[in-house]
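*Asks:* So that we are looking at the same thing, I have put the structure below in structure tokens.
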Amino acid sequence: MAAMQTPFYLIDKPALRRNMEQVARLRRASGAKALLALKCFATWSVFDLMRDCMDGTTSSSLFELRLGHEEFGKETHAYSVAWADHEIDEAVGYADKIIFNSLSQLDRFGDKAAGIARGLRLNPRFSTSGFDLADPARPFSRLGEWDMSRLDAAMDRISGVMIHYNCENRDFDLFDSQLTRIETEFGDILKRLDWVSLGGGIHFTGEGYPLDRLADRLKAFQDRWGVQAYLEPGEASITGAATLEVSVLDIIDNGRRIAVVDSSTEAHMLDLLIYRETAKLPRAGDHEYQIAGKTCLAGDIFGDARFAQPLAVGDRISIADAAGYTMVKKNWFNGVAMPAIAIREDDGTIRTVRSFPYEDYKSSLS
């Protein structure tokens, strides 16, 4: 790895396999199905590993839908906040199930999707999100229907619903109580369905999560309502399975020590900026540095780190948990070199599966 040019995302197959084993265990114990949420992670070079442990993919756009159909296979769920006229026929051709965000979209396109399973997004009007930006149940949310009369008007045309309300929820008891609330408020709807997707955001591959309790709760939910439950793990599928490998380009001391690296939050880990979060950096040692990106954005800062030895130009730094919402959001801000994508195999060897030369930057513009 020392010979590889940074920056690059490094996917660790053994770590990814551990997550997949947890997904497979939950599927076996609960009877629920698991679909990879492509909005979080869509690096299809490792779909061969994930495919054996998951039931398919779920998407948020036509392009994600097509990628899941072509590269993952198995069951393919199609969702979009709003389908366009020029998209709907192609979308139906790739999908096993299509989930409409609103009753008006179902009214408009339902007949075109009559040959596949149709569903509707249900908004329970609560969520576990701590960020207004990401809260699907925020006031006046456009994400899904909640009015019982509008839901009832769809029942003769749908076989299932999708309910996305968990966001990085590590608390099983909170999941349990909120699912009970859904059962209480929407039981009349649930008992008339064939399937229910509970969305993503359940952090069940995290250390110490009570997986057996989750499996029992999902099984009880399915038995009570006579439905097939789906989960849509994104972050849970790839937590701890990748790093962003960067190199130190300069050391600046202007009252504090700053290490400038050959990467960027805005271009390569955009969610750090969006949610004002700090990257998962080394924290052991007496030598503290702020790790900053190389773009002209003043706030292009990964966060503070600590090292056992002073940093020097050329040193490598690994930024942990760099799979979710990174590769799918990377961009060409400032024309900074886009990280390559590499995979560490089970035997420890590392291979580069994709690089992004100048020609890719040029061709993304006109």
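By convention here, the chains of the structure tokens are called A, B, ... in the order presented, each chain's residues are numbered starting at 1, and ligands are numbered starting at 1 in the order presented.
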Name the residues of region 4-215 of chain A that fall into strand (DSSP E or B) according to DSSP on the backbone, using the chain letters and numbers of this document, as JSON, numbers by chain.
*Replies:* {"A": [8, 9, 10, 11, 12, 33, 34, 35, 36, 37, 56, 57, 58, 75, 76, 77, 78, 79, 80, 97, 98, 99, 100, 117, 118, 119, 120, 121, 122, 145, 160, 161, 162, 169, 195, 196, 197, 202]}
*Asks:* Pull the closest atom pair for each residue of region 294-327 of chain A that gets at most 12 Å from region 32-56 of chain A, along with the distance in Å to one decimal, counting only C-alpha atoms, ordering rows by chain and then ascending residue number, as a Markdown table.
*Replies:*
| residue | atom | partner | partner_atom | distance |
| --- | --- | --- | --- | --- |
| A:Ala322 | CA | A:Phe41 | CA | 10.4 |
| A:Ala323 | CA | A:Phe41 | CA | 6.8 |
| A:Gly324 | CA | A:Cys40 | CA | 5.2 |
| A:Tyr325 | CA | A:Cys40 | CA | 4.8 |
| A:Thr326 | CA | A:Cys40 | CA | 7.9 |
| A:Met327 | CA | A:Phe41 | CA | 7.2 |
*Asks:* Mind running region 317-342 of chain A against region 275-284 of chain A at 10 Å and telling me each contacting residue's nearest atom pair with the distance in Å (one decimal), counting only C-alpha atoms, chain and number ascending, as a tab-separated table?
*Replies:*
residue	atom	partner	partner_atom	distance
A:Ile317	CA	A:Pro282	CA	8.0
A:Ser318	CA	A:Leu281	CA	7.1
A:Ile319	CA	A:Leu281	CA	5.3
A:Ala320	CA	A:Lys280	CA	5.2
A:Asp321	CA	A:Lys280	CA	6.9
A:Ala322	CA	A:Lys280	CA	8.7
*Asks:* Keeping N, CA, C and O atoms, export the residues of the selection given above as a JSON list (two decimals), in the first residue's frame.
*Replies:*
[["chain", "number", "residue", "atom", "x", "y", "z"],
["A", 317, "ILE", "N", -2.00, 8.92, 6.28],
["A", 317, "ILE", "CA", -3.03, 8.93, 7.32],
["A", 317, "ILE", "C", -4.22, 8.16, 6.79],
["A", 317, "ILE", "O", -4.63, 8.32, 5.63],
["A", 318, "SER", "N", -4.80, 7.31, 7.65],
["A", 318, "SER", "CA", -6.01, 6.56, 7.31],
["A", 318, "SER", "C", -7.20, 7.20, 8.01],
["A", 318, "SER", "O", -7.19, 7.35, 9.24],
["A", 319, "ILE", "N", -8.21, 7.56, 7.24],
["A", 319, "ILE", "CA", -9.44, 8.11, 7.78],
["A", 319, "ILE", "C", -10.48, 7.00, 7.76],
["A", 319, "ILE", "O", -10.82, 6.47, 6.70],
["A", 320, "ALA", "N", -10.98, 6.64, 8.92],
["A", 320, "ALA", "CA", -11.83, 5.45, 9.05],
["A", 320, "ALA", "C", -13.27, 5.72, 8.61],
["A", 320, "ALA", "O", -13.70, 6.87, 8.48],
["A", 321, "ASP", "N", -14.01, 4.62, 8.42],
["A", 321, "ASP", "CA", -15.44, 4.66, 8.07],
["A", 321, "ASP", "C", -15.70, 5.56, 6.87],
["A", 321, "ASP", "O", -16.52, 6.48, 6.92],
["A", 322, "ALA", "N", -15.03, 5.27, 5.79],
["A", 322, "ALA", "CA", -15.08, 6.14, 4.61],
["A", 322, "ALA", "C", -15.83, 5.51, 3.45],
["A", 322, "ALA", "O", -15.54, 5.83, 2.30]]
*Asks:* Excluding region 25-31 of chain A and any residue of its chain fewer than 2 positions from it, enumerate the residues within 8 Å of it, using only C-alpha atoms, and give them as a count of residues only.
*Replies:* 15
*Asks:* As a CSV table (one decimal) with C-alpha atoms, in the first residue's frame, please: every residue in region 21-226 of chain A that DSSP puts in helix (DSSP H, G or I).
*Replies:*
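File produced: states-v6.csv:
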chain,number,residue,atom,x,y,z
A,21,GLU,CA,-22.4,-12.3,8.0
A,22,GLN,CA,-24.5,-10.2,10.5
A,23,VAL,CA,-26.9,-9.3,7.7
A,24,ALA,CA,-27.2,-13.0,6.8
A,25,ARG,CA,-27.7,-14.0,10.4
A,26,LEU,CA,-30.5,-11.4,10.8
A,27,ARG,CA,-32.2,-12.6,7.7
A,28,ARG,CA,-32.1,-16.3,8.8
A,29,ALA,CA,-33.4,-15.6,12.3
A,30,SER,CA,-36.1,-13.1,11.4
A,44,TRP,CA,-20.3,-2.5,-7.6
A,45,SER,CA,-16.8,-4.0,-7.5
A,46,VAL,CA,-17.7,-5.8,-4.3
A,47,PHE,CA,-21.3,-6.7,-5.1
A,48,ASP,CA,-20.1,-10.3,-5.7
A,49,LEU,CA,-19.4,-10.5,-2.0
A,50,MET,CA,-22.5,-8.8,-0.9
A,51,ARG,CA,-24.9,-10.6,-3.2
A,52,ASP,CA,-24.8,-13.9,-1.3
A,53,CYS,CA,-25.8,-12.3,1.9
A,62,LEU,CA,-33.4,5.7,-12.3
A,63,PHE,CA,-29.6,5.4,-12.5
A,64,GLU,CA,-29.3,3.7,-9.2
A,65,LEU,CA,-32.2,1.4,-10.2
A,66,ARG,CA,-30.4,0.4,-13.4
A,67,LEU,CA,-27.1,-0.2,-11.6
A,68,GLY,CA,-28.8,-2.5,-9.1
A,69,HIS,CA,-30.6,-4.4,-11.8
A,70,GLU,CA,-27.4,-4.8,-14.0
A,71,GLU,CA,-24.7,-5.4,-11.4
A,72,PHE,CA,-26.4,-6.8,-8.3
A,85,ASP,CA,-42.6,11.0,-17.7
A,86,HIS,CA,-39.4,10.1,-19.6
A,87,GLU,CA,-38.2,7.8,-16.8
A,88,ILE,CA,-41.2,5.7,-15.8
A,89,ASP,CA,-41.2,3.1,-18.6
A,90,GLU,CA,-37.5,2.4,-18.2
A,91,ALA,CA,-37.8,2.2,-14.4
A,92,VAL,CA,-40.7,-0.3,-14.6
A,93,GLY,CA,-38.5,-2.4,-17.0
A,94,TYR,CA,-35.8,-2.8,-14.4
A,103,LEU,CA,-50.7,9.4,-4.1
A,104,SER,CA,-50.5,11.8,-7.0
A,105,GLN,CA,-47.5,9.9,-8.5
A,106,LEU,CA,-49.4,6.6,-8.0
A,107,ASP,CA,-52.4,8.2,-9.8
A,108,ARG,CA,-50.2,9.4,-12.6
A,109,PHE,CA,-48.0,6.3,-13.2
A,110,GLY,CA,-49.8,3.4,-11.5
A,111,ASP,CA,-51.2,2.0,-14.7
A,112,LYS,CA,-47.8,1.9,-16.3
A,113,ALA,CA,-46.5,-0.2,-13.4
A,132,ASP,CA,-33.4,18.6,10.5
A,133,LEU,CA,-31.7,18.4,7.1
A,134,ALA,CA,-32.1,14.6,7.1
A,148,MET,CA,-55.3,7.8,6.5
A,149,SER,CA,-57.9,8.9,3.8
A,150,ARG,CA,-55.2,9.3,1.2
A,151,LEU,CA,-53.6,6.0,2.2
A,152,ASP,CA,-57.0,4.3,2.0
A,172,PHE,CA,-33.1,-1.2,19.9
A,173,ASP,CA,-35.6,-0.1,22.5
A,174,LEU,CA,-36.3,3.1,20.6
A,175,PHE,CA,-36.8,1.0,17.4
A,176,ASP,CA,-39.1,-1.3,19.3
A,177,SER,CA,-41.3,1.4,20.7
A,178,GLN,CA,-41.5,3.3,17.4
A,179,LEU,CA,-42.5,0.2,15.5
A,180,THR,CA,-45.2,-0.4,18.1
A,181,ARG,CA,-46.4,3.1,17.5
A,182,ILE,CA,-46.6,2.4,13.7
A,183,GLU,CA,-48.5,-0.8,14.5
A,184,THR,CA,-50.9,1.2,16.7
A,185,GLU,CA,-51.5,4.1,14.3
A,186,PHE,CA,-51.5,2.2,11.0
A,187,GLY,CA,-52.6,-1.3,11.9
A,188,ASP,CA,-55.7,-1.0,9.6
A,189,ILE,CA,-53.4,-0.4,6.7
A,190,LEU,CA,-50.7,-3.0,7.6
A,211,LEU,CA,-29.3,-8.7,17.0
A,212,ASP,CA,-31.3,-11.5,18.4
A,213,ARG,CA,-33.9,-9.1,19.9
A,214,LEU,CA,-34.2,-7.3,16.6
A,215,ALA,CA,-34.7,-10.6,14.8
A,216,ASP,CA,-37.4,-11.6,17.3
A,217,ARG,CA,-39.2,-8.2,16.9
A,218,LEU,CA,-39.1,-8.4,13.1
A,219,LYS,CA,-40.5,-11.9,13.2
A,220,ALA,CA,-43.3,-10.9,15.5
A,221,PHE,CA,-44.1,-8.0,13.3
A,222,GLN,CA,-44.4,-10.2,10.2
A,223,ASP,CA,-46.4,-12.8,12.0
A,224,ARG,CA,-48.9,-10.4,13.4
A,225,TRP,CA,-49.6,-8.6,10.2
*Asks:* Counting only C-alpha atoms, figure out which residue out of A:Tyr230, A:Ala337, A:Met20, A:His268 gets nearest to Thr243 (chain A).
*Replies:*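 The shortest atom-to-atom distance to Thr243 (chain A) comes from A:His268.
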*Asks:* Please, what distance in Å, to one decimal, runs between CA of Asp304 (chain A) and CA of Ala267 (chain A)?
*Replies:*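 Distance reported for this atom pair: 18.8 Å.
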*Asks:* What's the 12 Å shell around Val81 (chain A), counting only C-alpha atoms, without same-chain residues fewer than 4 positions away, as a PDB file with N, CA and C atoms, in the first residue's frame?
*Replies:*
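Contents of around.pdb, as written:
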ATOM      1  N   SER A  59     -33.326   1.648  -4.520  1.00  0.00           N
ATOM      2  CA  SER A  59     -32.736   2.793  -5.209  1.00  0.00           C
ATOM      3  C   SER A  59     -33.534   4.056  -4.948  1.00  0.00           C
ATOM      4  N   SER A  60     -32.940   5.188  -5.315  1.00  0.00           N
ATOM      5  CA  SER A  60     -33.599   6.482  -5.167  1.00  0.00           C
ATOM      6  C   SER A  60     -33.669   7.239  -6.482  1.00  0.00           C
ATOM      7  N   SER A  61     -33.283   6.601  -7.577  1.00  0.00           N
ATOM      8  CA  SER A  61     -33.265   7.267  -8.878  1.00  0.00           C
ATOM      9  C   SER A  61     -33.213   6.207  -9.963  1.00  0.00           C
ATOM     10  N   LEU A  62     -33.409   6.648 -11.196  1.00  0.00           N
ATOM     11  CA  LEU A  62     -33.361   5.727 -12.320  1.00  0.00           C
ATOM     12  C   LEU A  62     -31.977   5.133 -12.497  1.00  0.00           C
ATOM     13  N   ILE A  98     -42.079  -1.184  -7.434  1.00  0.00           N
ATOM     14  CA  ILE A  98     -41.908   0.259  -7.555  1.00  0.00           C
ATOM     15  C   ILE A  98     -42.697   0.923  -6.441  1.00  0.00           C
ATOM     16  N   ILE A  99     -42.056   1.864  -5.761  1.00  0.00           N
ATOM     17  CA  ILE A  99     -42.648   2.533  -4.607  1.00  0.00           C
ATOM     18  C   ILE A  99     -42.832   3.998  -4.961  1.00  0.00           C
ATOM     19  N   PHE A 100     -44.068   4.459  -4.957  1.00  0.00           N
ATOM     20  CA  PHE A 100     -44.367   5.842  -5.278  1.00  0.00           C
ATOM     21  C   PHE A 100     -44.339   6.675  -3.998  1.00  0.00           C
ATOM     22  N   ASN A 101     -43.849   7.895  -4.127  1.00  0.00           N
ATOM     23  CA  ASN A 101     -43.696   8.757  -2.966  1.00  0.00           C
ATOM     24  C   ASN A 101     -45.011   9.396  -2.534  1.00  0.00           C
ATOM     25  N   SER A 102     -45.932   9.549  -3.475  1.00  0.00           N
ATOM     26  CA  SER A 102     -47.176  10.260  -3.180  1.00  0.00           C
ATOM     27  C   SER A 102     -48.336   9.607  -3.903  1.00  0.00           C
ATOM     28  N   LEU A 103     -49.522   9.923  -3.418  1.00  0.00           N
ATOM     29  CA  LEU A 103     -50.724   9.422  -4.083  1.00  0.00           C
ATOM     30  C   LEU A 103     -50.831   9.987  -5.496  1.00  0.00           C
ATOM     31  N   SER A 104     -50.405  11.228  -5.681  1.00  0.00           N
ATOM     32  CA  SER A 104     -50.494  11.828  -7.011  1.00  0.00           C
ATOM     33  C   SER A 104     -49.579  11.116  -7.999  1.00  0.00           C
ATOM     34  N   GLN A 105     -48.395  10.678  -7.562  1.00  0.00           N
ATOM     35  CA  GLN A 105     -47.520   9.911  -8.454  1.00  0.00           C
ATOM     36  C   GLN A 105     -48.110   8.539  -8.759  1.00  0.00           C
ATOM     37  N   LEU A 106     -48.730   7.920  -7.762  1.00  0.00           N
ATOM     38  CA  LEU A 106     -49.416   6.649  -8.009  1.00  0.00           C
ATOM     39  C   LEU A 106     -50.562   6.838  -8.998  1.00  0.00           C
ATOM     40  N   LEU A 120     -46.380   2.338  -1.840  1.00  0.00           N
ATOM     41  CA  LEU A 120     -46.467   3.763  -1.539  1.00  0.00           C
ATOM     42  C   LEU A 120     -45.623   4.043  -0.305  1.00  0.00           C
ATOM     43  N   ARG A 121     -44.985   5.197  -0.284  1.00  0.00           N
ATOM     44  CA  ARG A 121     -44.232   5.574   0.908  1.00  0.00           C
ATOM     45  C   ARG A 121     -45.170   6.112   1.968  1.00  0.00           C
ATOM     46  N   PRO A 136     -36.845  12.812   7.747  1.00  0.00           N
ATOM     47  CA  PRO A 136     -37.923  12.588   6.785  1.00  0.00           C
ATOM     48  C   PRO A 136     -39.297  12.977   7.323  1.00  0.00           C
ATOM     49  N   SER A 141     -42.890  17.838   5.491  1.00  0.00           N
ATOM     50  CA  SER A 141     -42.055  16.929   4.708  1.00  0.00           C
ATOM     51  C   SER A 141     -42.802  16.458   3.460  1.00  0.00           C
ATOM     52  N   ARG A 142     -42.093  16.424   2.346  1.00  0.00           N
ATOM     53  CA  ARG A 142     -42.670  15.943   1.095  1.00  0.00           C
ATOM     54  C   ARG A 142     -42.497  14.440   0.930  1.00  0.00           C
ATOM     55  N   LEU A 143     -41.916  13.777   1.934  1.00  0.00           N
ATOM     56  CA  LEU A 143     -41.517  12.375   1.803  1.00  0.00           C
ATOM     57  C   LEU A 143     -42.597  11.438   2.339  1.00  0.00           C
ATOM     58  N   GLY A 144     -43.516  11.063   1.470  1.00  0.00           N
ATOM     59  CA  GLY A 144     -44.505  10.058   1.814  1.00  0.00           C
ATOM     60  C   GLY A 144     -45.847  10.620   2.253  1.00  0.00           C
ATOM     61  N   GLU A 145     -46.826   9.711   2.286  1.00  0.00           N
ATOM     62  CA  GLU A 145     -48.181  10.036   2.702  1.00  0.00           C
ATOM     63  C   GLU A 145     -48.401   9.601   4.153  1.00  0.00           C
TER      64      GLU A 145
END
*Asks:* Set the distance at 12 Å and use only C-alpha atoms: which residues neighbour Ala259 (chain A) once local chain neighbours fewer than 6 positions away are removed? I'd like the list as a PDB file with N, CA, C and O atoms, in the first residue's frame.
*Replies:*
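This is the output file selection-v7.pdb:
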ATOM      1  N   VAL A 246      -4.818   9.027   2.755  1.00  0.00           N
ATOM      2  CA  VAL A 246      -4.323  10.325   2.305  1.00  0.00           C
ATOM      3  C   VAL A 246      -2.863  10.491   2.713  1.00  0.00           C
ATOM      4  O   VAL A 246      -2.349   9.756   3.568  1.00  0.00           O
ATOM      5  N   SER A 247      -2.209  11.478   2.108  1.00  0.00           N
ATOM      6  CA  SER A 247      -0.814  11.788   2.435  1.00  0.00           C
ATOM      7  C   SER A 247      -0.674  13.240   2.859  1.00  0.00           C
ATOM      8  O   SER A 247      -1.390  14.121   2.360  1.00  0.00           O
ATOM      9  N   VAL A 248       0.277  13.494   3.753  1.00  0.00           N
ATOM     10  CA  VAL A 248       0.561  14.850   4.210  1.00  0.00           C
ATOM     11  C   VAL A 248       1.373  15.578   3.147  1.00  0.00           C
ATOM     12  O   VAL A 248       2.411  15.092   2.696  1.00  0.00           O
ATOM     13  N   LEU A 249       0.891  16.753   2.741  1.00  0.00           N
ATOM     14  CA  LEU A 249       1.584  17.570   1.738  1.00  0.00           C
ATOM     15  C   LEU A 249       2.345  18.727   2.357  1.00  0.00           C
ATOM     16  O   LEU A 249       3.337  19.204   1.798  1.00  0.00           O
ATOM     17  N   ASP A 250       1.876  19.211   3.514  1.00  0.00           N
ATOM     18  CA  ASP A 250       2.510  20.368   4.133  1.00  0.00           C
ATOM     19  C   ASP A 250       2.147  20.389   5.606  1.00  0.00           C
ATOM     20  O   ASP A 250       1.084  19.884   6.008  1.00  0.00           O
ATOM     21  N   ILE A 251       3.054  20.970   6.410  1.00  0.00           N
ATOM     22  CA  ILE A 251       2.808  21.195   7.831  1.00  0.00           C
ATOM     23  C   ILE A 251       2.865  22.698   8.063  1.00  0.00           C
ATOM     24  O   ILE A 251       3.863  23.350   7.748  1.00  0.00           O
ATOM     25  N   ILE A 252       1.793  23.251   8.580  1.00  0.00           N
ATOM     26  CA  ILE A 252       1.715  24.683   8.863  1.00  0.00           C
ATOM     27  C   ILE A 252       1.580  24.873  10.368  1.00  0.00           C
ATOM     28  O   ILE A 252       0.800  24.171  11.013  1.00  0.00           O
ATOM     29  N   ASP A 253       2.337  25.824  10.925  1.00  0.00           N
ATOM     30  CA  ASP A 253       2.232  26.143  12.351  1.00  0.00           C
ATOM     31  C   ASP A 253       1.942  27.628  12.482  1.00  0.00           C
ATOM     32  O   ASP A 253       2.824  28.469  12.335  1.00  0.00           O
ATOM     33  N   HIS A 287       1.078  14.044  19.979  1.00  0.00           N
ATOM     34  CA  HIS A 287       1.311  15.047  18.951  1.00  0.00           C
ATOM     35  C   HIS A 287       0.003  15.332  18.215  1.00  0.00           C
ATOM     36  O   HIS A 287      -0.502  14.498  17.471  1.00  0.00           O
ATOM     37  N   GLU A 288      -0.534  16.539  18.449  1.00  0.00           N
ATOM     38  CA  GLU A 288      -1.852  16.881  17.932  1.00  0.00           C
ATOM     39  C   GLU A 288      -1.742  17.768  16.696  1.00  0.00           C
ATOM     40  O   GLU A 288      -0.920  18.696  16.647  1.00  0.00           O
ATOM     41  N   TYR A 289      -2.585  17.470  15.712  1.00  0.00           N
ATOM     42  CA  TYR A 289      -2.642  18.250  14.479  1.00  0.00           C
ATOM     43  C   TYR A 289      -4.097  18.411  14.049  1.00  0.00           C
ATOM     44  O   TYR A 289      -4.916  17.512  14.248  1.00  0.00           O
ATOM     45  N   GLN A 290      -4.383  19.544  13.428  1.00  0.00           N
ATOM     46  CA  GLN A 290      -5.613  19.654  12.670  1.00  0.00           C
ATOM     47  C   GLN A 290      -5.327  19.112  11.271  1.00  0.00           C
ATOM     48  O   GLN A 290      -4.344  19.493  10.642  1.00  0.00           O
ATOM     49  N   ILE A 291      -6.205  18.215  10.791  1.00  0.00           N
ATOM     50  CA  ILE A 291      -6.027  17.640   9.455  1.00  0.00           C
ATOM     51  C   ILE A 291      -6.943  18.410   8.510  1.00  0.00           C
ATOM     52  O   ILE A 291      -8.163  18.460   8.703  1.00  0.00           O
ATOM     53  N   ALA A 292      -6.350  19.026   7.486  1.00  0.00           N
ATOM     54  CA  ALA A 292      -7.085  19.908   6.593  1.00  0.00           C
ATOM     55  C   ALA A 292      -6.907  19.471   5.146  1.00  0.00           C
ATOM     56  O   ALA A 292      -5.885  18.899   4.761  1.00  0.00           O
ATOM     57  N   GLY A 293      -7.949  19.754   4.356  1.00  0.00           N
ATOM     58  CA  GLY A 293      -7.898  19.432   2.943  1.00  0.00           C
ATOM     59  C   GLY A 293      -7.136  20.476   2.145  1.00  0.00           C
ATOM     60  O   GLY A 293      -6.800  21.554   2.631  1.00  0.00           O
ATOM     61  N   LYS A 294      -6.906  20.168   0.869  1.00  0.00           N
ATOM     62  CA  LYS A 294      -6.065  21.016   0.033  1.00  0.00           C
ATOM     63  C   LYS A 294      -6.849  21.980  -0.854  1.00  0.00           C
ATOM     64  O   LYS A 294      -6.262  22.676  -1.687  1.00  0.00           O
ATOM     65  N   ASP A 300     -12.368  23.589   4.839  1.00  0.00           N
ATOM     66  CA  ASP A 300     -12.072  22.230   4.362  1.00  0.00           C
ATOM     67  C   ASP A 300     -11.187  21.535   5.394  1.00  0.00           C
ATOM     68  O   ASP A 300      -9.967  21.417   5.234  1.00  0.00           O
ATOM     69  N   ILE A 301     -11.809  21.083   6.464  1.00  0.00           N
ATOM     70  CA  ILE A 301     -11.085  20.531   7.618  1.00  0.00           C
ATOM     71  C   ILE A 301     -11.700  19.185   7.990  1.00  0.00           C
ATOM     72  O   ILE A 301     -12.907  19.081   8.203  1.00  0.00           O
ATOM     73  N   PHE A 302     -10.862  18.157   8.075  1.00  0.00           N
ATOM     74  CA  PHE A 302     -11.327  16.831   8.473  1.00  0.00           C
ATOM     75  C   PHE A 302     -11.528  16.745   9.985  1.00  0.00           C
ATOM     76  O   PHE A 302     -12.404  16.025  10.454  1.00  0.00           O
ATOM     77  N   GLY A 303     -10.693  17.431  10.752  1.00  0.00           N
ATOM     78  CA  GLY A 303     -10.808  17.386  12.205  1.00  0.00           C
ATOM     79  C   GLY A 303      -9.451  17.323  12.863  1.00  0.00           C
ATOM     80  O   GLY A 303      -8.406  17.475  12.219  1.00  0.00           O
ATOM     81  N   ASP A 304      -9.454  17.101  14.162  1.00  0.00           N
ATOM     82  CA  ASP A 304      -8.216  17.030  14.940  1.00  0.00           C
ATOM     83  C   ASP A 304      -7.816  15.577  15.146  1.00  0.00           C
ATOM     84  O   ASP A 304      -8.660  14.711  15.370  1.00  0.00           O
ATOM     85  N   ALA A 305      -6.499  15.353  15.097  1.00  0.00           N
ATOM     86  CA  ALA A 305      -5.959  14.002  15.258  1.00  0.00           C
ATOM     87  C   ALA A 305      -4.748  14.043  16.169  1.00  0.00           C
ATOM     88  O   ALA A 305      -4.124  15.096  16.363  1.00  0.00           O
ATOM     89  N   ARG A 306      -4.417  12.880  16.711  1.00  0.00           N
ATOM     90  CA  ARG A 306      -3.236  12.755  17.570  1.00  0.00           C
ATOM     91  C   ARG A 306      -2.408  11.572  17.089  1.00  0.00           C
ATOM     92  O   ARG A 306      -2.961  10.536  16.691  1.00  0.00           O
ATOM     93  N   PHE A 307      -1.083  11.731  17.155  1.00  0.00           N
ATOM     94  CA  PHE A 307      -0.166  10.716  16.649  1.00  0.00           C
ATOM     95  C   PHE A 307       0.953  10.469  17.666  1.00  0.00           C
ATOM     96  O   PHE A 307       1.294  11.345  18.461  1.00  0.00           O
ATOM     97  N   PRO A 310       5.728  12.980  15.637  1.00  0.00           N
ATOM     98  CA  PRO A 310       5.406  14.175  14.838  1.00  0.00           C
ATOM     99  C   PRO A 310       5.193  13.796  13.374  1.00  0.00           C
ATOM    100  O   PRO A 310       5.854  12.899  12.842  1.00  0.00           O
ATOM    101  N   LEU A 311       4.260  14.453  12.736  1.00  0.00           N
ATOM    102  CA  LEU A 311       4.017  14.203  11.317  1.00  0.00           C
ATOM    103  C   LEU A 311       5.082  14.880  10.468  1.00  0.00           C
ATOM    104  O   LEU A 311       5.653  15.909  10.839  1.00  0.00           O
ATOM    105  N   ALA A 312       5.307  14.302   9.300  1.00  0.00           N
ATOM    106  CA  ALA A 312       6.221  14.884   8.323  1.00  0.00           C
ATOM    107  C   ALA A 312       5.585  14.798   6.949  1.00  0.00           C
ATOM    108  O   ALA A 312       4.687  13.975   6.710  1.00  0.00           O
ATOM    109  N   VAL A 313       6.008  15.663   6.045  1.00  0.00           N
ATOM    110  CA  VAL A 313       5.513  15.618   4.673  1.00  0.00           C
ATOM    111  C   VAL A 313       5.753  14.222   4.102  1.00  0.00           C
ATOM    112  O   VAL A 313       6.837  13.653   4.245  1.00  0.00           O
ATOM    113  N   GLY A 314       4.733  13.666   3.481  1.00  0.00           N
ATOM    114  CA  GLY A 314       4.833  12.327   2.918  1.00  0.00           C
ATOM    115  C   GLY A 314       4.225  11.245   3.783  1.00  0.00           C
ATOM    116  O   GLY A 314       3.993  10.125   3.307  1.00  0.00           O
ATOM    117  N   ASP A 315       3.955  11.550   5.059  1.00  0.00           N
ATOM    118  CA  ASP A 315       3.340  10.538   5.934  1.00  0.00           C
ATOM    119  C   ASP A 315       1.921  10.215   5.457  1.00  0.00           C
ATOM    120  O   ASP A 315       1.207  11.070   4.928  1.00  0.00           O
ATOM    121  N   ARG A 316       1.517   8.973   5.674  1.00  0.00           N
ATOM    122  CA  ARG A 316       0.178   8.524   5.311  1.00  0.00           C
ATOM    123  C   ARG A 316      -0.746   8.573   6.531  1.00  0.00           C
ATOM    124  O   ARG A 316      -0.331   8.301   7.658  1.00  0.00           O
ATOM    125  N   ILE A 317      -1.998   8.920   6.280  1.00  0.00           N
ATOM    126  CA  ILE A 317      -3.029   8.934   7.319  1.00  0.00           C
ATOM    127  C   ILE A 317      -4.221   8.160   6.794  1.00  0.00           C
ATOM    128  O   ILE A 317      -4.633   8.325   5.634  1.00  0.00           O
TER     129      ILE A 317
END
*Asks:* Report as a PyMOL selection string all protein, DNA and RNA residues lying within 7 Å of Val161 (chain A), evaluated on only C-alpha atoms, omitting residues in the same chain fewer than 4 positions from it.
*Replies:* chain A and resi 119-122+195-197
*Asks:* Include N, CA and C atoms and write out the residues we just selected as a short mmCIF file (atom, residue, chain, number, x, y, z; two decimals), in the first residue's frame.
*Replies:*
data_model
loop_
_atom_site.label_atom_id
_atom_site.label_comp_id
_atom_site.auth_asym_id
_atom_site.auth_seq_id
_atom_site.Cartn_x
_atom_site.Cartn_y
_atom_site.Cartn_z
N GLY A 119 -46.08 -0.02 -4.59
CA GLY A 119 -46.16 0.38 -3.20
C GLY A 119 -46.22 1.88 -3.06
N LEU A 120 -46.38 2.34 -1.84
CA LEU A 120 -46.47 3.76 -1.54
C LEU A 120 -45.62 4.04 -0.30
N ARG A 121 -44.99 5.20 -0.28
CA ARG A 121 -44.23 5.57 0.91
C ARG A 121 -45.17 6.11 1.97
N LEU A 122 -45.02 5.60 3.18
CA LEU A 122 -45.81 6.02 4.32
C LEU A 122 -44.91 6.83 5.25
N TRP A 195 -46.41 -6.75 1.93
CA TRP A 195 -45.02 -6.48 2.31
C TRP A 195 -44.89 -5.07 2.89
N VAL A 196 -43.91 -4.91 3.76
CA VAL A 196 -43.61 -3.62 4.39
C VAL A 196 -42.10 -3.45 4.45
N SER A 197 -41.60 -2.38 3.85
CA SER A 197 -40.19 -2.05 3.99
C SER A 197 -40.04 -1.06 5.14
#
*Asks:* If I take CA of Ser127 (chain A) and CA of His164 (chain A), how far is one from the other in Å, to one decimal?
*Replies:* 8.1 Å
*Asks:* For a quick check of understanding, using only C-alpha atoms, which of A:Pro124, A:Glu359, A:Arg18, A:Leu10 has the smallest distance to Thr239 (chain A)?
*Replies:*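 Of A:Pro124, A:Glu359, A:Arg18, A:Leu10, the one nearest Thr239 (chain A) is A:Arg18, counting only C-alpha atoms.
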*Asks:* Record the distance separating CA of Ala15 (chain A) and CA of Gly240 (chain A), expressed in Å with one decimal.
*Replies:*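 For CA of Ala15 (chain A) relative to CA of Gly240 (chain A), the distance reads 6.8 Å.
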